[in-house]
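Trainee: Supplied in structure tokens, the structure appears directly below.
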Amino acid sequence: MRVRSGRGGDGSMSMRREALVEFGGPDGGDGGRGGDVVFVASDHINSLLSLYYDPKCYAQDGENGQSQKMYGKRGKDLVVPVPRGTEVYDADTGLLIADITEPGQRVIVAKGGAGGYGNVHFKSSVNQAPTEHTPGGEPEEKRLRLELKTIADAGLLGFPNAGKSSLLSSLSSATPKIASYPFTTLNPIVGTIRYDDYANIAMADVPGIIEGAAKGVGLGLAFLRHLERSKVLVYVIDMAGSDNRLPWEDFRILRKEIEEYSAELAERPHLVVANKMDAPEAQENLARFVDELGLEPIAVSCATGEGLDVFKEELRGIVKPKVKFHHTHAEHGMDLAEMPDTTGEEIPAEALKFATFLKLEKPKAKSHPSRGNIH
Ligand SMILES: Nc1nc2c(ncn2[C@@H]2O[C@H](COP(=O)(O)OP(=O)(O)OP(=O)(O)O)[C@@H](O)[C@H]2O)c(=O)[nH]1
Ligand SMILES: [Mg+2]
């Protein structure tokens, strides 16, 4: 895309001319400064599509200064919302200008030109009728390349039809399309897995990978950049061996493709999920899988819900999300079993100890001068 900030307005050259005012002196005002082009992180959009179709972002120019010391109006900034996870590169130098990851983050990608000075600024005792004035600053113009890398804690990886979208929809309220044909998922989708203590984990579902993906077969590996920010990769294997697939071969191929894509990504912490355990062939395949590869996957079924809790907890162990609700009884060194029973008529003093959320002491009224307290 192309961005251009606003040009600064020129300073004005003007002399005060008014009836009955002799030698009015300089009165040319300053130009207004040009608008900036500003990228702002937004959680309301999740793709760069709108910029793809409208790749020119030009901010407004500043207005020129005028006579009677009138200042030019400053140019309006052009605020462009971009999804979180957008990397901004200078297309000509290839340098990374900004990485927009924080909520509400603002980055000026093209700074507006400064406004010029009008001739009022140049008056002095020896130059009482200056004609000097300066032009407005030049705008900044750049060609940018934007790259979106989805921000998620965990990323799902697997062959088409392995059940990645099914897993995401079983664990979160995301509603990816699920169907029995390959490449149902064409764009990354992020869902949020919620825990009882309000901890959250974001998990991204990306299109399926097939053998040769590193060389561009299928949908290729380009979308794997969406997993580059994930703390943990989740390999989803179809244990039913649908379409005569061999689950252990599937895993080997996946690993090979990821290694070819990026050694760093291949070494990322990962979990292996054996899906479709409700299918009749699954148990046998799982035993062979463990034999062949010497690793024990987490057995789940999106159809029956089996094993999903185990997966959720294992995921939590690696991602370690922040807990948002701190007032657990355990933290206060209390054991709920010790809590005395109550009939509901009257709360025993013993039980009140557990009610950490009640402020039992009345706060002292603060004296305030307006209440007429004498100090
Ligand atoms: N029996 C059984 N079928 C499942 C299970 N999980 C998913 N499926 C089926 O497998 C098929 C593919 O599921 P998806 O979730 O779309 O697979 P995907 O990995 O997202 O596939 P792509 O988006 O094409 O890469 C669908 O027909 C699902 O109903 C499971 O645990 N048991
Ligand atoms: Mg899918």
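By convention here, the chains of the structure tokens are called A, B, ... in the order presented, each chain's residues are numbered starting at 1, and ligands are numbered starting at 1 in the order presented.
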Need the shell around Pro160 (chain A): protein/DNA/RNA residues with any atom at most 6 Å away, counting only C-alpha atoms. Skip same-chain ones fewer than 2 positions apart. Format as JSON, numbers by chain?

Mentor: {"A": [162, 182, 183, 208]}

Trainee: Step one, run DSSP on the backbone; step two, keep only residues of region 67-310 of chain A assigned to strand (DSSP E); then write them as an MDAnalysis selection string.

Mentor: chainID A and resid 78:83 86:90 96:100 106:110 141:148 154:158 189:194 200:205 232:238 270:275 298:299

Trainee: Can you work out which residues are within 12 Å of ligand 2, considering only C-alpha atoms and all ligand atoms, and then hand them over as a PyMOL selection string?

Mentor: chain A and resi 156-169+174-190+204-209+236

Trainee: With C-alpha atoms kept, could you save the residues just selected as a compact mmCIF listing (two decimals), in the first residue's frame?

Mentor:
# COMPACT_ATOMS: atom_id res chain seq x y z
CA LEU A 156 -3.79 -26.17 15.41
CA LEU A 157 -1.90 -28.12 12.80
CA GLY A 158 -2.95 -31.13 10.83
CA PHE A 159 -4.05 -32.77 7.63
CA PRO A 160 -7.31 -31.68 6.03
CA ASN A 161 -10.28 -33.40 7.70
CA ALA A 162 -8.29 -34.27 10.84
CA GLY A 163 -10.87 -32.38 12.85
CA LYS A 164 -9.05 -29.15 13.68
CA SER A 165 -12.12 -27.00 13.21
CA SER A 166 -14.21 -29.53 15.12
CA LEU A 167 -11.78 -29.32 18.04
CA LEU A 168 -11.89 -25.53 18.04
CA SER A 169 -15.66 -25.45 17.95
CA ALA A 174 -16.01 -20.02 17.58
CA THR A 175 -18.07 -21.43 14.73
CA PRO A 176 -15.69 -22.50 11.99
CA LYS A 177 -17.14 -24.36 9.03
CA ILE A 178 -16.89 -28.11 9.49
CA ALA A 179 -17.32 -30.55 6.62
CA SER A 180 -16.05 -33.90 5.44
CA TYR A 181 -14.16 -32.56 2.43
CA PRO A 182 -10.54 -31.38 2.53
CA PHE A 183 -9.65 -27.68 2.78
CA THR A 184 -12.90 -26.66 4.39
CA THR A 185 -11.01 -24.03 6.33
CA LEU A 186 -9.45 -21.47 4.01
CA ASN A 187 -8.65 -18.65 6.41
CA PRO A 188 -7.26 -18.72 9.94
CA ILE A 189 -9.90 -18.50 12.66
CA VAL A 190 -9.22 -17.75 16.31
CA ALA A 204 -6.02 -20.55 16.02
CA ASP A 205 -7.31 -22.95 13.40
CA VAL A 206 -5.40 -22.76 10.12
CA PRO A 207 -5.96 -24.58 6.82
CA GLY A 208 -4.83 -28.19 6.54
CA ILE A 209 -1.32 -29.19 5.46
CA VAL A 236 -4.25 -32.99 15.35

Trainee: Need to verify the contact set: region 15-32 of chain A, 8 Å, only C-alpha atoms, exclusion of same-chain residues closer than 3 positions in sequence. Can you return it as a ChimeraX atom specification?

Mentor: /A:8-12,62-75,114-120,123,128-131,136

Trainee: Okay, now the selection with C-alpha atoms, as a PDB file, in the first residue's frame?

Mentor:
ATOM      1  CA  GLY A   8       2.435  21.654   5.676  1.00  0.00           C
ATOM      2  CA  GLY A   9       0.663  24.887   4.746  1.00  0.00           C
ATOM      3  CA  ASP A  10       2.874  27.787   3.599  1.00  0.00           C
ATOM      4  CA  GLY A  11       3.480  30.739   5.871  1.00  0.00           C
ATOM      5  CA  SER A  12       1.856  33.888   4.516  1.00  0.00           C
ATOM      6  CA  GLY A  62      -2.395  21.796   6.057  1.00  0.00           C
ATOM      7  CA  GLU A  63      -3.901  25.080   4.848  1.00  0.00           C
ATOM      8  CA  ASN A  64      -1.767  28.092   4.037  1.00  0.00           C
ATOM      9  CA  GLY A  65      -1.529  30.969   6.478  1.00  0.00           C
ATOM     10  CA  GLN A  66      -3.348  34.182   5.564  1.00  0.00           C
ATOM     11  CA  SER A  67      -3.311  37.875   6.162  1.00  0.00           C
ATOM     12  CA  GLN A  68      -4.530  39.358   9.435  1.00  0.00           C
ATOM     13  CA  LYS A  69      -2.396  36.801  11.260  1.00  0.00           C
ATOM     14  CA  MET A  70      -4.765  34.044  10.292  1.00  0.00           C
ATOM     15  CA  TYR A  71      -3.225  30.668  10.840  1.00  0.00           C
ATOM     16  CA  GLY A  72      -3.865  27.919   8.331  1.00  0.00           C
ATOM     17  CA  LYS A  73      -6.002  25.047   9.531  1.00  0.00           C
ATOM     18  CA  ARG A  74      -4.033  21.897  10.287  1.00  0.00           C
ATOM     19  CA  GLY A  75      -4.595  18.906   8.055  1.00  0.00           C
ATOM     20  CA  ALA A 114       5.361  21.219   9.540  1.00  0.00           C
ATOM     21  CA  GLY A 115       3.519  24.460   8.801  1.00  0.00           C
ATOM     22  CA  GLY A 116       5.576  27.330   7.375  1.00  0.00           C
ATOM     23  CA  TYR A 117       6.136  30.599   9.262  1.00  0.00           C
ATOM     24  CA  GLY A 118       4.278  33.720   8.200  1.00  0.00           C
ATOM     25  CA  ASN A 119       6.105  37.028   8.022  1.00  0.00           C
ATOM     26  CA  VAL A 120       4.829  38.109  11.487  1.00  0.00           C
ATOM     27  CA  LYS A 123       9.737  41.347  12.485  1.00  0.00           C
ATOM     28  CA  GLN A 128       9.938  46.295  10.620  1.00  0.00           C
ATOM     29  CA  ALA A 129       8.470  45.315   7.296  1.00  0.00           C
ATOM     30  CA  PRO A 130       9.819  41.786   6.705  1.00  0.00           C
ATOM     31  CA  THR A 131       8.809  39.948   3.595  1.00  0.00           C
ATOM     32  CA  GLY A 136       5.305  24.352   4.503  1.00  0.00           C
TER      33      GLY A 136
END

Trainee: Using only C-alpha atoms, which protein or nucleic acid residues come within 8 Å of Arg106 (chain A)? Drop anything in the same chain fewer than 2 positions from it, and give the result as an mmCIF file with N, CA and C atoms, in the first residue's frame.

Mentor:
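Saved result, part_4.cif, follows:
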data_model
loop_
_atom_site.group_PDB
_atom_site.id
_atom_site.type_symbol
_atom_site.label_atom_id
_atom_site.label_comp_id
_atom_site.auth_asym_id
_atom_site.auth_seq_id
_atom_site.Cartn_x
_atom_site.Cartn_y
_atom_site.Cartn_z
ATOM 1 N N VAL A 38 -1.834 7.516 10.572
ATOM 2 C CA VAL A 38 -1.643 6.790 11.828
ATOM 3 C C VAL A 38 -2.304 5.422 11.736
ATOM 4 N N PHE A 39 -1.566 4.376 12.077
ATOM 5 C CA PHE A 39 -2.158 3.035 12.163
ATOM 6 C C PHE A 39 -2.549 2.784 13.613
ATOM 7 N N VAL A 40 -3.751 2.316 13.818
ATOM 8 C CA VAL A 40 -4.214 2.033 15.174
ATOM 9 C C VAL A 40 -4.676 0.582 15.262
ATOM 10 N N ALA A 41 -4.199 -0.115 16.291
ATOM 11 C CA ALA A 41 -4.601 -1.514 16.474
ATOM 12 C C ALA A 41 -6.084 -1.560 16.809
ATOM 13 N N ILE A 100 2.426 -4.121 15.235
ATOM 14 C CA ILE A 100 1.273 -3.633 15.985
ATOM 15 C C ILE A 100 0.600 -4.803 16.690
ATOM 16 N N GLY A 104 -5.022 -1.004 21.115
ATOM 17 C CA GLY A 104 -5.010 0.454 21.100
ATOM 18 C C GLY A 104 -3.691 1.083 20.667
ATOM 19 N N ILE A 108 2.583 6.262 14.055
ATOM 20 C CA ILE A 108 2.564 7.226 12.955
ATOM 21 C C ILE A 108 3.457 6.663 11.856
#

Trainee: Using only C-alpha atoms, which residue out of A:Gly113, A:Asp36, A:Arg143, A:Val232 lies closest to Val88 (chain A)?

Mentor: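 So, comparing all the options, the nearest one is A:Arg143.
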
Trainee: Applying 8 Å and only C-alpha atoms, which residues near region 213-222 of chain A remain after dropping the ones on its own chain fewer than 6 positions away? List them as a ChimeraX atom specification.

Mentor: /A:207,257-258,260-261

Trainee: What separation in Å, quoted to one decimal, exists between CA of Gly34 (chain A) and CA of Ser5 (chain A)?

Mentor: 6.6 Å

Trainee: Find the residues near Arg288 (chain A): any atom within 12 Å, counting only C-alpha atoms, skip ones fewer than 3 places away on the same chain, and give them as a list of chain:residue names.

Mentor: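 Answer for this query is A:Met239, A:Gly241, A:Leu246, A:Pro247, A:Trp248, A:Glu249, A:Glu281, A:Ala282, A:Gln283, A:Glu284, A:Asn285, A:Asp291, A:Glu292, A:Leu293, A:Gly294, A:Leu295, A:Glu296, A:Pro297.
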
Trainee: So which one's closest to ligand 1, A:Glu314, A:Glu264, A:Asp54, A:Asp243? Using only C-alpha atoms and all ligand atoms, please.

Mentor: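 Looking at the shortest contact to ligand 1, the residue is A:Asp243.
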
Trainee: Find the residue from A:Asp250, A:Glu267, A:Asp153, A:Asp278 that sits nearest to ligand 1; use only C-alpha atoms and all ligand atoms when measuring.

Mentor: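 Among A:Asp250, A:Glu267, A:Asp153, A:Asp278, it is A:Asp278 that comes nearest to ligand 1.
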
Trainee: Select, from A:Glu211, A:Asp92, A:Asp61, A:Glu313, the residue with the minimum atom-to-atom distance to Arg194 (chain A), counting only C-alpha atoms.

Mentor: A:Glu313

Trainee: Using only C-alpha atoms, determine which residues lie at most 12 Å from Ala152 (chain A), disregarding the query and same-chain residues fewer than 5 positions distant; provide the list as a PDB file with N, CA and C atoms, in the first residue's frame.

Mentor:
ATOM      1  N   ARG A  84      -4.812  -6.407  15.180  1.00  0.00           N
ATOM      2  CA  ARG A  84      -3.635  -6.674  16.001  1.00  0.00           C
ATOM      3  C   ARG A  84      -2.867  -7.820  15.363  1.00  0.00           C
ATOM      4  N   GLY A  85      -1.535  -7.709  15.380  1.00  0.00           N
ATOM      5  CA  GLY A  85      -0.712  -8.729  14.759  1.00  0.00           C
ATOM      6  C   GLY A  85      -0.192  -8.272  13.402  1.00  0.00           C
ATOM      7  N   THR A 101       0.865  -4.909  18.002  1.00  0.00           N
ATOM      8  CA  THR A 101       0.369  -6.075  18.730  1.00  0.00           C
ATOM      9  C   THR A 101      -0.501  -5.697  19.925  1.00  0.00           C
ATOM     10  N   PRO A 188      -7.440 -18.446   8.516  1.00  0.00           N
ATOM     11  CA  PRO A 188      -7.263 -18.724   9.943  1.00  0.00           C
ATOM     12  C   PRO A 188      -8.444 -18.176  10.759  1.00  0.00           C
ATOM     13  N   ILE A 189      -8.813 -18.915  11.769  1.00  0.00           N
ATOM     14  CA  ILE A 189      -9.897 -18.502  12.663  1.00  0.00           C
ATOM     15  C   ILE A 189      -9.380 -18.645  14.085  1.00  0.00           C
ATOM     16  N   VAL A 190      -9.668 -17.670  14.924  1.00  0.00           N
ATOM     17  CA  VAL A 190      -9.216 -17.754  16.313  1.00  0.00           C
ATOM     18  C   VAL A 190     -10.420 -17.909  17.228  1.00  0.00           C
ATOM     19  N   GLY A 191     -10.337 -18.846  18.154  1.00  0.00           N
ATOM     20  CA  GLY A 191     -11.395 -19.027  19.146  1.00  0.00           C
ATOM     21  C   GLY A 191     -10.796 -18.887  20.534  1.00  0.00           C
ATOM     22  N   THR A 192     -11.629 -18.590  21.508  1.00  0.00           N
ATOM     23  CA  THR A 192     -11.128 -18.426  22.875  1.00  0.00           C
ATOM     24  C   THR A 192     -11.621 -19.566  23.750  1.00  0.00           C
ATOM     25  N   ILE A 193     -10.677 -20.247  24.386  1.00  0.00           N
ATOM     26  CA  ILE A 193     -11.037 -21.317  25.313  1.00  0.00           C
ATOM     27  C   ILE A 193     -11.102 -20.697  26.703  1.00  0.00           C
ATOM     28  N   ASN A 200      -8.130 -17.366  30.008  1.00  0.00           N
ATOM     29  CA  ASN A 200      -8.475 -17.540  28.592  1.00  0.00           C
ATOM     30  C   ASN A 200      -7.271 -18.030  27.807  1.00  0.00           C
ATOM     31  N   ILE A 201      -7.514 -18.864  26.831  1.00  0.00           N
ATOM     32  CA  ILE A 201      -6.453 -19.215  25.885  1.00  0.00           C
ATOM     33  C   ILE A 201      -7.019 -19.038  24.484  1.00  0.00           C
ATOM     34  N   ALA A 202      -6.279 -18.318  23.645  1.00  0.00           N
ATOM     35  CA  ALA A 202      -6.731 -18.138  22.260  1.00  0.00           C
ATOM     36  C   ALA A 202      -6.102 -19.230  21.401  1.00  0.00           C
ATOM     37  N   MET A 203      -6.938 -19.897  20.614  1.00  0.00           N
ATOM     38  CA  MET A 203      -6.418 -20.986  19.782  1.00  0.00           C
ATOM     39  C   MET A 203      -6.787 -20.718  18.329  1.00  0.00           C
ATOM     40  N   ALA A 204      -5.785 -20.859  17.432  1.00  0.00           N
ATOM     41  CA  ALA A 204      -6.018 -20.550  16.018  1.00  0.00           C
ATOM     42  C   ALA A 204      -6.129 -21.831  15.202  1.00  0.00           C
ATOM     43  N   ASP A 205      -7.107 -21.837  14.327  1.00  0.00           N
ATOM     44  CA  ASP A 205      -7.310 -22.952  13.399  1.00  0.00           C
ATOM     45  C   ASP A 205      -6.831 -22.476  12.035  1.00  0.00           C
ATOM     46  N   VAL A 206      -5.881 -23.187  11.447  1.00  0.00           N
ATOM     47  CA  VAL A 206      -5.403 -22.764  10.123  1.00  0.00           C
ATOM     48  C   VAL A 206      -5.697 -23.873   9.109  1.00  0.00           C
ATOM     49  N   ARG A 225       2.558 -18.684   8.885  1.00  0.00           N
ATOM     50  CA  ARG A 225       3.042 -17.495   9.583  1.00  0.00           C
ATOM     51  C   ARG A 225       2.070 -17.115  10.699  1.00  0.00           C
ATOM     52  N   HIS A 226       0.806 -17.559  10.544  1.00  0.00           N
ATOM     53  CA  HIS A 226      -0.177 -17.260  11.588  1.00  0.00           C
ATOM     54  C   HIS A 226       0.125 -18.018  12.883  1.00  0.00           C
ATOM     55  N   LEU A 227       0.983 -19.028  12.779  1.00  0.00           N
ATOM     56  CA  LEU A 227       1.315 -19.797  13.982  1.00  0.00           C
ATOM     57  C   LEU A 227       2.635 -19.328  14.591  1.00  0.00           C
ATOM     58  N   GLU A 228       3.308 -18.403  13.916  1.00  0.00           N
ATOM     59  CA  GLU A 228       4.637 -18.022  14.383  1.00  0.00           C
ATOM     60  C   GLU A 228       4.621 -17.374  15.757  1.00  0.00           C
ATOM     61  N   ARG A 229       3.485 -16.817  16.135  1.00  0.00           N
ATOM     62  CA  ARG A 229       3.411 -16.181  17.447  1.00  0.00           C
ATOM     63  C   ARG A 229       2.794 -17.090  18.499  1.00  0.00           C
ATOM     64  N   SER A 230       2.454 -18.315  18.136  1.00  0.00           N
ATOM     65  CA  SER A 230       1.826 -19.212  19.107  1.00  0.00           C
ATOM     66  C   SER A 230       2.870 -19.795  20.045  1.00  0.00           C
ATOM     67  N   LYS A 231       2.489 -19.951  21.308  1.00  0.00           N
ATOM     68  CA  LYS A 231       3.421 -20.537  22.276  1.00  0.00           C
ATOM     69  C   LYS A 231       3.486 -22.040  22.100  1.00  0.00           C
ATOM     70  N   VAL A 232       2.370 -22.607  21.650  1.00  0.00           N
ATOM     71  CA  VAL A 232       2.330 -24.063  21.551  1.00  0.00           C
ATOM     72  C   VAL A 232       1.614 -24.478  20.264  1.00  0.00           C
ATOM     73  N   LEU A 233       2.168 -25.508  19.619  1.00  0.00           N
ATOM     74  CA  LEU A 233       1.531 -26.043  18.420  1.00  0.00           C
ATOM     75  C   LEU A 233       0.778 -27.313  18.802  1.00  0.00           C
ATOM     76  N   VAL A 319       0.617 -23.126  28.288  1.00  0.00           N
ATOM     77  CA  VAL A 319       0.404 -21.702  27.975  1.00  0.00           C
ATOM     78  C   VAL A 319       0.456 -20.831  29.234  1.00  0.00           C
ATOM     79  N   PRO A 321      -1.994 -19.314  31.180  1.00  0.00           N
ATOM     80  CA  PRO A 321      -2.698 -18.036  31.039  1.00  0.00           C
ATOM     81  C   PRO A 321      -2.828 -17.358  32.389  1.00  0.00           C
TER      82      PRO A 321
END

Trainee: Figure out the distance between CA of Gly212 (chain A) and atom 5 (C, counted along the ligand's line) of ligand 1, please, to one decimal in Å.

Mentor: 24.8 Å

Trainee: Please indicate the distance in Å from CA of Ala59 (chain A) to CA of Arg7 (chain A), rounded to one decimal place.

Mentor: 8.7 Å

Trainee: When you count only C-alpha atoms, which of these residues is closest to Val234 (chain A): A:Phe311, A:Phe122, A:Tyr195, A:Phe289?

Mentor: A:Phe311

Trainee: Among region 83-314 of chain A, which ones does DSSP place in alpha helix (DSSP H), written as an NGL selection string?

Mentor: :A and (164-171 or 247-261 or 263-266 or 282-293 or 308-314)

Trainee: Measuring atom to atom with only C-alpha atoms, identify which of A:Lys256, A:Arg33, A:Arg268, A:His44 is nearest to Gln60 (chain A).

Mentor: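 Checking each of A:Lys256, A:Arg33, A:Arg268, A:His44 against Gln60 (chain A), counting only C-alpha atoms, the winner is A:Arg33.
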